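Engineer: Take a look at upload_10.txt, compact mmCIF, N, CA and C atoms and all ligand atoms:
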# COMPACT_ATOMS: atom_id res chain seq x y z
N MET A 1 99.33 -19.29 -57.91
CA MET A 1 98.34 -18.20 -57.93
C MET A 1 97.88 -17.90 -59.37
N GLY A 2 98.59 -18.40 -60.36
CA GLY A 2 98.30 -18.09 -61.74
C GLY A 2 96.94 -18.56 -62.20
N GLU A 3 96.68 -19.84 -62.01
CA GLU A 3 95.41 -20.36 -62.52
C GLU A 3 94.31 -20.24 -61.47
N PRO A 4 93.07 -20.01 -61.94
CA PRO A 4 91.96 -19.92 -60.99
C PRO A 4 91.67 -21.29 -60.38
N ALA A 5 91.37 -21.30 -59.10
CA ALA A 5 91.06 -22.57 -58.44
C ALA A 5 89.79 -23.16 -59.05
N ALA A 6 89.91 -24.36 -59.56
CA ALA A 6 88.74 -25.01 -60.14
C ALA A 6 87.85 -25.55 -59.03
N LEU A 7 86.57 -25.29 -59.16
CA LEU A 7 85.63 -25.80 -58.16
C LEU A 7 85.41 -27.29 -58.40
N PRO A 8 85.30 -28.05 -57.32
CA PRO A 8 85.00 -29.48 -57.48
C PRO A 8 83.54 -29.67 -57.90
N ILE A 9 83.28 -29.37 -59.18
CA ILE A 9 81.91 -29.33 -59.70
C ILE A 9 81.17 -30.65 -59.45
N ASP A 10 81.87 -31.75 -59.70
CA ASP A 10 81.21 -33.05 -59.52
C ASP A 10 80.72 -33.24 -58.10
N ARG A 11 81.53 -32.74 -57.18
CA ARG A 11 81.12 -32.88 -55.78
C ARG A 11 79.91 -32.01 -55.50
N TYR A 12 79.92 -30.80 -56.04
CA TYR A 12 78.78 -29.92 -55.82
C TYR A 12 77.51 -30.51 -56.46
N ARG A 13 77.71 -31.07 -57.65
CA ARG A 13 76.56 -31.67 -58.33
C ARG A 13 75.96 -32.79 -57.48
N GLN A 14 76.84 -33.59 -56.91
CA GLN A 14 76.39 -34.70 -56.08
C GLN A 14 75.65 -34.18 -54.84
N VAL A 15 76.24 -33.17 -54.20
CA VAL A 15 75.63 -32.60 -53.01
C VAL A 15 74.25 -32.03 -53.35
N LEU A 16 74.20 -31.32 -54.48
CA LEU A 16 72.93 -30.71 -54.89
C LEU A 16 71.89 -31.77 -55.23
N ASP A 17 72.33 -32.80 -55.94
CA ASP A 17 71.41 -33.90 -56.28
C ASP A 17 70.81 -34.53 -55.04
N GLU A 18 71.68 -34.81 -54.09
CA GLU A 18 71.22 -35.45 -52.85
C GLU A 18 70.28 -34.54 -52.09
N HIS A 19 70.64 -33.28 -52.06
CA HIS A 19 69.82 -32.31 -51.35
C HIS A 19 68.44 -32.18 -51.99
N LEU A 20 68.45 -32.15 -53.31
CA LEU A 20 67.19 -32.02 -54.04
C LEU A 20 66.28 -33.22 -53.76
N ALA A 21 66.86 -34.41 -53.79
CA ALA A 21 66.07 -35.62 -53.52
C ALA A 21 65.46 -35.55 -52.13
N GLN A 22 66.26 -35.08 -51.18
CA GLN A 22 65.80 -34.99 -49.80
C GLN A 22 64.68 -33.97 -49.67
N VAL A 23 64.86 -32.82 -50.30
CA VAL A 23 63.86 -31.75 -50.23
C VAL A 23 62.56 -32.22 -50.87
N GLU A 24 62.68 -32.93 -52.00
CA GLU A 24 61.47 -33.37 -52.70
C GLU A 24 60.72 -34.44 -51.90
N ARG A 25 61.48 -35.27 -51.20
CA ARG A 25 60.85 -36.27 -50.35
C ARG A 25 60.08 -35.58 -49.23
N GLU A 26 60.75 -34.65 -48.59
CA GLU A 26 60.15 -33.89 -47.50
C GLU A 26 58.91 -33.14 -47.98
N LEU A 27 59.04 -32.56 -49.17
CA LEU A 27 57.95 -31.78 -49.76
C LEU A 27 56.73 -32.68 -50.00
N ALA A 28 56.96 -33.86 -50.53
CA ALA A 28 55.87 -34.80 -50.78
C ALA A 28 55.17 -35.17 -49.48
N GLU A 29 55.95 -35.33 -48.43
CA GLU A 29 55.36 -35.67 -47.13
C GLU A 29 54.51 -34.54 -46.60
N ARG A 30 55.00 -33.32 -46.73
CA ARG A 30 54.24 -32.15 -46.26
C ARG A 30 52.94 -32.01 -47.03
N ARG A 31 53.03 -32.20 -48.34
CA ARG A 31 51.83 -32.04 -49.17
C ARG A 31 50.80 -33.10 -48.80
N LEU A 32 51.28 -34.29 -48.48
CA LEU A 32 50.38 -35.37 -48.07
C LEU A 32 49.77 -35.06 -46.71
N ALA A 33 50.59 -34.51 -45.82
CA ALA A 33 50.15 -34.25 -44.45
C ALA A 33 49.09 -33.16 -44.42
N ALA A 34 49.20 -32.21 -45.34
CA ALA A 34 48.21 -31.14 -45.38
C ALA A 34 46.95 -31.67 -46.05
N THR A 35 45.86 -31.69 -45.31
CA THR A 35 44.62 -32.19 -45.88
C THR A 35 44.15 -31.23 -46.95
N PRO A 36 43.64 -31.78 -48.03
CA PRO A 36 43.13 -30.90 -49.09
C PRO A 36 42.01 -30.02 -48.56
N SER A 37 41.94 -28.80 -49.04
CA SER A 37 40.88 -27.90 -48.58
C SER A 37 39.54 -28.46 -49.04
N GLY A 38 38.51 -28.20 -48.27
CA GLY A 38 37.21 -28.79 -48.59
C GLY A 38 36.89 -29.90 -47.62
N GLU A 39 37.91 -30.36 -46.93
CA GLU A 39 37.70 -31.37 -45.89
C GLU A 39 37.01 -30.72 -44.71
N ARG A 40 35.89 -31.26 -44.31
CA ARG A 40 35.15 -30.68 -43.20
C ARG A 40 35.31 -31.54 -41.96
N PRO A 41 35.10 -30.95 -40.80
CA PRO A 41 35.18 -31.76 -39.59
C PRO A 41 34.07 -32.80 -39.61
N GLY A 42 34.43 -34.01 -39.41
CA GLY A 42 33.43 -35.08 -39.48
C GLY A 42 32.69 -35.23 -38.17
N PHE A 43 31.65 -36.05 -38.19
CA PHE A 43 30.94 -36.34 -36.95
C PHE A 43 31.91 -37.01 -35.98
N GLY A 44 31.71 -36.70 -34.72
CA GLY A 44 32.57 -37.33 -33.73
C GLY A 44 33.89 -36.62 -33.57
N LYS A 45 34.12 -35.62 -34.37
CA LYS A 45 35.34 -34.84 -34.23
C LYS A 45 35.01 -33.57 -33.49
N ARG A 46 35.75 -33.28 -32.46
CA ARG A 46 35.49 -32.06 -31.71
C ARG A 46 36.05 -30.86 -32.48
N ALA A 47 35.43 -29.71 -32.23
CA ALA A 47 35.87 -28.48 -32.93
C ALA A 47 37.35 -28.22 -32.68
N GLY A 48 37.79 -28.49 -31.48
CA GLY A 48 39.19 -28.26 -31.13
C GLY A 48 40.12 -29.06 -32.03
N ASP A 49 39.71 -30.28 -32.34
CA ASP A 49 40.53 -31.12 -33.22
C ASP A 49 40.63 -30.48 -34.60
N TYR A 50 39.49 -29.94 -35.02
CA TYR A 50 39.45 -29.33 -36.34
C TYR A 50 40.38 -28.14 -36.41
N VAL A 51 40.32 -27.29 -35.38
CA VAL A 51 41.19 -26.12 -35.33
C VAL A 51 42.65 -26.55 -35.35
N ALA A 52 42.95 -27.55 -34.55
CA ALA A 52 44.33 -28.05 -34.51
C ALA A 52 44.77 -28.51 -35.89
N GLN A 53 43.84 -29.16 -36.58
CA GLN A 53 44.16 -29.67 -37.92
C GLN A 53 44.40 -28.52 -38.90
N VAL A 54 43.58 -27.49 -38.78
CA VAL A 54 43.73 -26.33 -39.67
C VAL A 54 45.07 -25.66 -39.45
N VAL A 55 45.41 -25.49 -38.18
CA VAL A 55 46.69 -24.87 -37.85
C VAL A 55 47.84 -25.71 -38.40
N GLU A 56 47.70 -27.02 -38.24
CA GLU A 56 48.74 -27.92 -38.71
C GLU A 56 48.86 -27.85 -40.23
N ASP A 57 47.72 -27.79 -40.90
CA ASP A 57 47.73 -27.69 -42.35
C ASP A 57 48.46 -26.44 -42.81
N ARG A 58 48.18 -25.35 -42.09
CA ARG A 58 48.79 -24.09 -42.49
C ARG A 58 50.30 -24.17 -42.34
N THR A 59 50.74 -24.75 -41.23
CA THR A 59 52.18 -24.91 -41.02
C THR A 59 52.78 -25.79 -42.11
N ASN A 60 52.09 -26.87 -42.40
CA ASN A 60 52.57 -27.78 -43.44
C ASN A 60 52.66 -27.07 -44.79
N ASN A 61 51.65 -26.26 -45.07
CA ASN A 61 51.64 -25.56 -46.36
C ASN A 61 52.75 -24.52 -46.44
N GLN A 62 52.98 -23.82 -45.32
CA GLN A 62 54.05 -22.83 -45.32
C GLN A 62 55.39 -23.51 -45.51
N LEU A 63 55.54 -24.62 -44.82
CA LEU A 63 56.79 -25.37 -44.94
C LEU A 63 56.95 -25.89 -46.36
N ALA A 64 55.85 -26.38 -46.90
CA ALA A 64 55.88 -26.89 -48.28
C ALA A 64 56.29 -25.78 -49.24
N ASP A 65 55.78 -24.57 -49.01
CA ASP A 65 56.13 -23.44 -49.87
C ASP A 65 57.62 -23.16 -49.84
N SER A 66 58.19 -23.14 -48.64
CA SER A 66 59.61 -22.82 -48.57
C SER A 66 60.45 -23.98 -49.09
N LEU A 67 59.96 -25.20 -48.92
CA LEU A 67 60.67 -26.35 -49.49
C LEU A 67 60.63 -26.30 -51.01
N ALA A 68 59.48 -25.91 -51.55
CA ALA A 68 59.34 -25.81 -53.00
C ALA A 68 60.29 -24.75 -53.55
N ALA A 69 60.40 -23.64 -52.83
CA ALA A 69 61.31 -22.56 -53.26
C ALA A 69 62.75 -23.05 -53.23
N LEU A 70 63.06 -23.83 -52.21
CA LEU A 70 64.41 -24.37 -52.08
C LEU A 70 64.71 -25.33 -53.23
N ALA A 71 63.73 -26.20 -53.52
CA ALA A 71 63.90 -27.16 -54.61
C ALA A 71 64.17 -26.42 -55.93
N THR A 72 63.45 -25.31 -56.14
CA THR A 72 63.64 -24.51 -57.35
C THR A 72 65.07 -23.96 -57.41
N SER A 73 65.55 -23.46 -56.27
CA SER A 73 66.91 -22.92 -56.22
C SER A 73 67.94 -24.01 -56.53
N ILE A 74 67.72 -25.18 -55.99
CA ILE A 74 68.68 -26.28 -56.20
C ILE A 74 68.66 -26.69 -57.68
N ARG A 75 67.48 -26.79 -58.27
CA ARG A 75 67.39 -27.15 -59.70
C ARG A 75 68.10 -26.11 -60.55
N HIS A 76 67.91 -24.86 -60.17
CA HIS A 76 68.56 -23.75 -60.87
C HIS A 76 70.08 -23.90 -60.80
N ALA A 77 70.58 -24.25 -59.63
CA ALA A 77 72.03 -24.43 -59.46
C ALA A 77 72.52 -25.59 -60.34
N LEU A 78 71.73 -26.65 -60.42
CA LEU A 78 72.12 -27.80 -61.26
C LEU A 78 72.16 -27.39 -62.73
N THR A 79 71.22 -26.56 -63.14
CA THR A 79 71.22 -26.04 -64.50
C THR A 79 72.48 -25.24 -64.77
N ARG A 80 72.85 -24.44 -63.76
CA ARG A 80 74.05 -23.62 -63.91
C ARG A 80 75.30 -24.48 -64.03
N ILE A 81 75.31 -25.61 -63.35
CA ILE A 81 76.43 -26.55 -63.50
C ILE A 81 76.48 -27.04 -64.95
N ASP A 82 75.31 -27.45 -65.47
CA ASP A 82 75.23 -27.94 -66.85
C ASP A 82 75.73 -26.88 -67.84
N GLU A 83 75.42 -25.64 -67.53
CA GLU A 83 75.78 -24.55 -68.44
C GLU A 83 77.19 -24.01 -68.18
N GLY A 84 77.86 -24.60 -67.21
CA GLY A 84 79.23 -24.19 -66.92
C GLY A 84 79.32 -22.83 -66.24
N ARG A 85 78.22 -22.42 -65.62
CA ARG A 85 78.22 -21.11 -64.97
C ARG A 85 78.21 -21.22 -63.46
N PHE A 86 78.30 -22.46 -62.97
CA PHE A 86 78.20 -22.64 -61.53
C PHE A 86 79.32 -21.93 -60.79
N GLY A 87 78.97 -21.26 -59.71
CA GLY A 87 79.99 -20.65 -58.86
C GLY A 87 80.29 -19.20 -59.19
N SER A 88 79.68 -18.70 -60.29
CA SER A 88 79.90 -17.28 -60.56
C SER A 88 78.63 -16.50 -60.24
N CYS A 89 78.83 -15.31 -59.75
CA CYS A 89 77.71 -14.47 -59.33
C CYS A 89 76.86 -14.09 -60.54
N GLU A 90 75.54 -14.22 -60.40
CA GLU A 90 74.64 -13.91 -61.52
C GLU A 90 74.57 -12.41 -61.78
N LYS A 91 74.99 -11.64 -60.82
CA LYS A 91 74.86 -10.20 -60.98
C LYS A 91 76.16 -9.57 -61.47
N CYS A 92 77.26 -9.83 -60.76
CA CYS A 92 78.50 -9.14 -61.10
C CYS A 92 79.49 -10.07 -61.81
N GLY A 93 79.18 -11.38 -61.85
CA GLY A 93 80.04 -12.30 -62.59
C GLY A 93 81.29 -12.74 -61.84
N GLN A 94 81.48 -12.23 -60.65
CA GLN A 94 82.63 -12.63 -59.85
C GLN A 94 82.44 -14.05 -59.33
N GLN A 95 83.56 -14.70 -59.07
CA GLN A 95 83.47 -16.03 -58.47
C GLN A 95 82.94 -15.91 -57.04
N ILE A 96 81.97 -16.75 -56.73
CA ILE A 96 81.43 -16.75 -55.38
C ILE A 96 82.42 -17.48 -54.46
N ASP A 97 82.61 -16.95 -53.28
CA ASP A 97 83.53 -17.57 -52.32
C ASP A 97 83.19 -19.04 -52.12
N GLU A 98 84.24 -19.85 -52.07
CA GLU A 98 83.96 -21.27 -51.91
C GLU A 98 83.37 -21.57 -50.54
N ASP A 99 83.75 -20.79 -49.55
CA ASP A 99 83.15 -20.97 -48.22
C ASP A 99 81.63 -20.85 -48.31
N ARG A 100 81.22 -19.84 -49.08
CA ARG A 100 79.80 -19.58 -49.23
C ARG A 100 79.12 -20.72 -49.99
N LEU A 101 79.79 -21.21 -51.02
CA LEU A 101 79.21 -22.30 -51.82
C LEU A 101 79.12 -23.59 -51.00
N GLN A 102 80.07 -23.75 -50.12
CA GLN A 102 80.01 -24.95 -49.29
C GLN A 102 78.84 -24.87 -48.32
N ALA A 103 78.59 -23.68 -47.84
CA ALA A 103 77.47 -23.50 -46.91
C ALA A 103 76.14 -23.51 -47.67
N VAL A 104 76.11 -22.84 -48.82
CA VAL A 104 74.89 -22.72 -49.62
C VAL A 104 75.23 -23.04 -51.08
N PRO A 105 75.27 -24.34 -51.43
CA PRO A 105 75.73 -24.71 -52.78
C PRO A 105 74.86 -24.16 -53.90
N TRP A 106 73.63 -23.75 -53.58
CA TRP A 106 72.73 -23.24 -54.62
C TRP A 106 72.74 -21.72 -54.67
N ALA A 107 73.70 -21.10 -53.99
CA ALA A 107 73.81 -19.64 -54.02
C ALA A 107 74.09 -19.18 -55.45
N THR A 108 73.41 -18.14 -55.89
CA THR A 108 73.63 -17.63 -57.25
C THR A 108 74.24 -16.24 -57.23
N LEU A 109 74.38 -15.68 -56.06
CA LEU A 109 74.95 -14.34 -55.93
C LEU A 109 76.11 -14.38 -54.95
N CYS A 110 77.11 -13.55 -55.20
CA CYS A 110 78.18 -13.41 -54.21
C CYS A 110 77.59 -12.69 -53.00
N LEU A 111 78.34 -12.75 -51.93
CA LEU A 111 77.82 -12.20 -50.68
C LEU A 111 77.48 -10.72 -50.82
N ARG A 112 78.35 -10.00 -51.52
CA ARG A 112 78.14 -8.57 -51.69
C ARG A 112 76.83 -8.28 -52.42
N CYS A 113 76.60 -8.98 -53.53
CA CYS A 113 75.37 -8.74 -54.30
C CYS A 113 74.15 -9.22 -53.53
N GLN A 114 74.32 -10.34 -52.81
CA GLN A 114 73.22 -10.86 -52.00
C GLN A 114 72.78 -9.81 -50.99
N GLU A 115 73.75 -9.22 -50.32
CA GLU A 115 73.42 -8.23 -49.30
C GLU A 115 72.80 -6.98 -49.92
N ALA A 116 73.33 -6.58 -51.05
CA ALA A 116 72.76 -5.44 -51.76
C ALA A 116 71.33 -5.75 -52.17
N GLY A 117 71.11 -6.98 -52.64
CA GLY A 117 69.77 -7.40 -53.07
C GLY A 117 68.80 -7.44 -51.90
N ASP A 118 69.27 -7.94 -50.76
CA ASP A 118 68.42 -8.01 -49.59
C ASP A 118 67.94 -6.63 -49.18
N GLN A 119 68.83 -5.64 -49.29
CA GLN A 119 68.46 -4.27 -48.92
C GLN A 119 67.41 -3.75 -49.90
N ALA A 120 67.65 -3.99 -51.19
CA ALA A 120 66.75 -3.46 -52.21
C ALA A 120 65.39 -4.14 -52.13
N LYS A 121 65.40 -5.40 -51.67
CA LYS A 121 64.18 -6.18 -51.67
C LYS A 121 63.24 -5.81 -50.55
N LYS A 122 63.75 -5.11 -49.56
CA LYS A 122 62.89 -4.73 -48.44
C LYS A 122 61.65 -4.02 -48.97
N GLY A 123 60.50 -4.54 -48.64
CA GLY A 123 59.29 -3.88 -49.08
C GLY A 123 58.71 -4.50 -50.33
N SER A 124 59.52 -5.14 -51.14
CA SER A 124 58.98 -5.78 -52.33
C SER A 124 59.40 -7.24 -52.36
N LEU A 125 58.87 -7.98 -51.41
CA LEU A 125 59.28 -9.37 -51.27
C LEU A 125 58.43 -10.32 -52.11
N LEU A 126 57.52 -9.76 -52.89
CA LEU A 126 56.60 -10.61 -53.64
C LEU A 126 57.34 -11.43 -54.70
N ARG A 127 56.98 -12.71 -54.73
CA ARG A 127 57.59 -13.56 -55.76
C ARG A 127 56.71 -13.48 -57.01
N ARG A 128 57.38 -13.52 -58.16
CA ARG A 128 56.65 -13.40 -59.40
C ARG A 128 55.72 -14.60 -59.63
N SER A 129 56.15 -15.76 -59.17
CA SER A 129 55.42 -16.98 -59.50
C SER A 129 54.23 -17.24 -58.58
N ARG A 130 53.96 -16.32 -57.66
CA ARG A 130 52.80 -16.50 -56.79
C ARG A 130 51.51 -16.41 -57.59
N HIS A 131 50.61 -17.35 -57.35
CA HIS A 131 49.34 -17.17 -58.01
C HIS A 131 48.22 -16.96 -57.05
ZN ZN B 201 78.15 -10.38 -57.21
Show the structure stored in the file as C-alpha cells.
Structural biologist:
Amino acid sequence: MGEPAALPIDRYRQVLDEHLAQVERELAERRLAATPSGERPGFGKRAGDYVAQVVEDRTNNQLADSLAALATSIRHALTRIDEGRFGSCEKCGQQIDEDRLQAVPWATLCLRCQEAGDQAKKGSLLRRSRH
C-alpha cells in the first residue's frame, strides 16, 4: 500500500494512438461523404434525392464534429502522457480511477469533478473553438 500504483502508461499510449488513428480515419470518411456546400441538385435528380442528400450531409457533419472533438481529447491525453500528467485530474489533481481510465482513456477529470462540471455546464454548453 506504500507506493502509488503506477499506471501502465505505455499501454494507455498505445490504446490512445490506435484510437486516434481510428477516429481520424472515420473522420476523413465522414468529411468525404458530406458533399461540399454549394453542390446543387443536378438535372435528372429528383427533389427527394436532394433532400435525402442534405439530411445525410447534416448527419455526416454532426458526426464529423463529434469525431473531431474526440480526436482533440485523445491528442490532449497523449500530450498529458508526454508531460507526465496522465491519469491525474486536471481540476483537483487527484488520481483518476483506473476503472474510469480504462473506460475513457482520454478522461482529464476524476468522476467527481466531471459530475460537478456537467452540472455547472448546464446552459452554457458552447465550445470556445466554435466559429
Ligand atoms: Zn477531480
Engineer: Mind dumping a table of every chain A residue within 6.5 Å of ligand ZN 201 (chain B), with the nearest atom pair and its distance in Å to one decimal, using all atoms listed in the file, sorted by chain and rising number, as a tab-separated table?
Structural biologist:
residue	atom	partner	partner_atom	distance
A:Cys89	CA	B:ZN201	ZN	4.6
A:Glu90	N	B:ZN201	ZN	5.6
A:Lys91	C	B:ZN201	ZN	4.8
A:Cys92	N	B:ZN201	ZN	3.7
A:Gly93	N	B:ZN201	ZN	4.9
A:Gln94	N	B:ZN201	ZN	5.1
A:Leu109	C	B:ZN201	ZN	5.0
A:Cys110	N	B:ZN201	ZN	3.9
A:Leu111	N	B:ZN201	ZN	5.8
A:Arg112	C	B:ZN201	ZN	5.4
A:Cys113	N	B:ZN201	ZN	4.2
A:Gln114	N	B:ZN201	ZN	5.8
Engineer: Write out, as a PDB file, in the coordinates of the input, the residues just selected, with N, CA and C atoms.
Structural biologist:
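Produced file selection.pdb, reproduced below:
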ATOM      1  N   CYS A  89      78.830 -15.310 -59.750  1.00  0.00           N
ATOM      2  CA  CYS A  89      77.710 -14.470 -59.330  1.00  0.00           C
ATOM      3  C   CYS A  89      76.860 -14.090 -60.540  1.00  0.00           C
ATOM      4  N   GLU A  90      75.540 -14.220 -60.400  1.00  0.00           N
ATOM      5  CA  GLU A  90      74.640 -13.910 -61.520  1.00  0.00           C
ATOM      6  C   GLU A  90      74.570 -12.410 -61.780  1.00  0.00           C
ATOM      7  N   LYS A  91      74.990 -11.640 -60.820  1.00  0.00           N
ATOM      8  CA  LYS A  91      74.860 -10.200 -60.980  1.00  0.00           C
ATOM      9  C   LYS A  91      76.160  -9.570 -61.470  1.00  0.00           C
ATOM     10  N   CYS A  92      77.260  -9.830 -60.760  1.00  0.00           N
ATOM     11  CA  CYS A  92      78.500  -9.140 -61.100  1.00  0.00           C
ATOM     12  C   CYS A  92      79.490 -10.070 -61.810  1.00  0.00           C
ATOM     13  N   GLY A  93      79.180 -11.380 -61.850  1.00  0.00           N
ATOM     14  CA  GLY A  93      80.040 -12.300 -62.590  1.00  0.00           C
ATOM     15  C   GLY A  93      81.290 -12.740 -61.840  1.00  0.00           C
ATOM     16  N   GLN A  94      81.480 -12.230 -60.650  1.00  0.00           N
ATOM     17  CA  GLN A  94      82.630 -12.630 -59.850  1.00  0.00           C
ATOM     18  C   GLN A  94      82.440 -14.050 -59.330  1.00  0.00           C
ATOM     19  N   LEU A 109      74.380 -15.680 -56.060  1.00  0.00           N
ATOM     20  CA  LEU A 109      74.950 -14.340 -55.930  1.00  0.00           C
ATOM     21  C   LEU A 109      76.110 -14.380 -54.950  1.00  0.00           C
ATOM     22  N   CYS A 110      77.110 -13.550 -55.200  1.00  0.00           N
ATOM     23  CA  CYS A 110      78.180 -13.410 -54.210  1.00  0.00           C
ATOM     24  C   CYS A 110      77.590 -12.690 -53.000  1.00  0.00           C
ATOM     25  N   LEU A 111      78.340 -12.750 -51.930  1.00  0.00           N
ATOM     26  CA  LEU A 111      77.820 -12.200 -50.680  1.00  0.00           C
ATOM     27  C   LEU A 111      77.480 -10.720 -50.820  1.00  0.00           C
ATOM     28  N   ARG A 112      78.350 -10.000 -51.520  1.00  0.00           N
ATOM     29  CA  ARG A 112      78.140  -8.570 -51.690  1.00  0.00           C
ATOM     30  C   ARG A 112      76.830  -8.280 -52.420  1.00  0.00           C
ATOM     31  N   CYS A 113      76.600  -8.980 -53.530  1.00  0.00           N
ATOM     32  CA  CYS A 113      75.370  -8.740 -54.300  1.00  0.00           C
ATOM     33  C   CYS A 113      74.150  -9.220 -53.530  1.00  0.00           C
ATOM     34  N   GLN A 114      74.320 -10.340 -52.810  1.00  0.00           N
ATOM     35  CA  GLN A 114      73.220 -10.860 -52.000  1.00  0.00           C
ATOM     36  C   GLN A 114      72.780  -9.810 -50.990  1.00  0.00           C
TER      37      GLN A 114
END
Engineer: Please, what distance in Å, to one decimal, runs between atom CA of A:Asp99 and atom CA of A:Tyr12?
Structural biologist: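 If I compute the distance from atom CA of A:Asp99 to atom CA of A:Tyr12, I get 12.5 Å.
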Engineer: Give me the residues within 8 Å of stretch 55-58 of chain A as a list in words, counting all atoms listed in the file and dropping any in the same chain fewer than 6 places off.
Structural biologist: Ala33, Ala34, Thr35, Asp49 and Ala64 of chain A
Engineer: Show which residues sit within 7 Å of stretch 77-83 of chain A, as a PyMOL selection string. Count all atoms listed in the file, and ignore same-chain residues fewer than 4 positions away.
Structural biologist: chain A and resi 13+16+72-73+87+105-107
Engineer: Between atom CA of A:Glu24 and atom C of A:Glu115, what is the distance, to one decimal in Å?
Structural biologist: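 Answer for the atom CA of A:Glu24 to atom C of A:Glu115 separation: 28.9 Å.
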Engineer: Please return, as an MDAnalysis selection string, all residues of stretch 43-131 of chain A that DSSP assigns to alpha helix (DSSP H) on the basis of the backbone.
Structural biologist: chainID A and resid 47:82 98:103 111:121
Engineer: Kindly give the distance, in Å, that separates atom CA of A:Phe86 and atom CA of A:Ala69, rounded to a single decimal.
Structural biologist: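 Computing the Euclidean distance for atom CA of A:Phe86 and atom CA of A:Ala69 yields 18.8 Å.
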